[in-house]
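Asks: Below is one structure. I have some questions about it.
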Amino acid sequence: MPAAALKPLPTQSTANRPVPLDRPYTPVEKRPLPPGRPREWYISHNRRLKAMRLAIALLDSGVYVPNQARNETIRSTAELIGVHPPSDTTCHMVRALMRYTR
């Protein structure tokens, strides 16, 4: 097979063209959680969801490094996005998400 046939096709850069966004943004419809699980499962599930929302909000606000995300910063971000203030455990989970997704 000739070498020219193995050459990858050029990709289109989004810097040269506008990217269509879904506007207006509407959150995904919430579904009920599955019944019959232990209470600890629901607590940890909701904590993970909250930590994920907070990590995304922090990244959107320009906090990219876990060292910048102190408990006060995370709690003020929670107030901005309309979430109840997170516990120390949830704040730790937010920093862990920021650390391991890099």
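Starting from 1 in every chain, residues are counted up; chains themselves are A, B, ... following the order of the structure tokens, and ligands are numbered from 1 as listed.
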For Pro85 (chain A), please output as a PyMOL selection string all residues within 8 Å (counting only C-alpha atoms; exclusion window: fewer than 5 positions along the same chain).

Replies: chain A and resi 75+78-79

Asks: Return as a tab-separated table the residues of region 70-95 of chain A lying at most 10 Å from region 37-58 of chain A, together with the closest atom-to-atom pair for each and the distance in Å to one decimal, counting only C-alpha atoms, with rows in chain order and ascending residue number.

Replies:
```
residue	atom	partner	partner_atom	distance
A:Thr73	CA	A:Leu58	CA	8.6
A:Ile74	CA	A:Leu54	CA	7.1
A:Arg75	CA	A:Leu54	CA	8.9
A:Thr77	CA	A:Leu58	CA	6.9
A:Ala78	CA	A:Leu54	CA	6.5
A:Leu80	CA	A:Ala57	CA	9.2
A:Ile81	CA	A:Ala57	CA	7.7
A:Val83	CA	A:Lys50	CA	8.0
A:His84	CA	A:Lys50	CA	9.2
A:Pro86	CA	A:Lys50	CA	8.1
A:Ser87	CA	A:Arg47	CA	9.4
A:Thr89	CA	A:Arg47	CA	8.9
A:Thr90	CA	A:Ala51	CA	6.0
A:Cys91	CA	A:Ala51	CA	7.2
A:His92	CA	A:Ala51	CA	8.8
A:Met93	CA	A:Ala51	CA	6.2
A:Val94	CA	A:Ala51	CA	4.9
A:Arg95	CA	A:Ala55	CA	7.6
```

Asks: Can you work out which one of A:Arg31, A:Arg99, A:Gly82, A:Gly36 has the shortest atom-to-atom distance to Gln68 (chain A), counting only C-alpha atoms?

Replies: A:Arg99
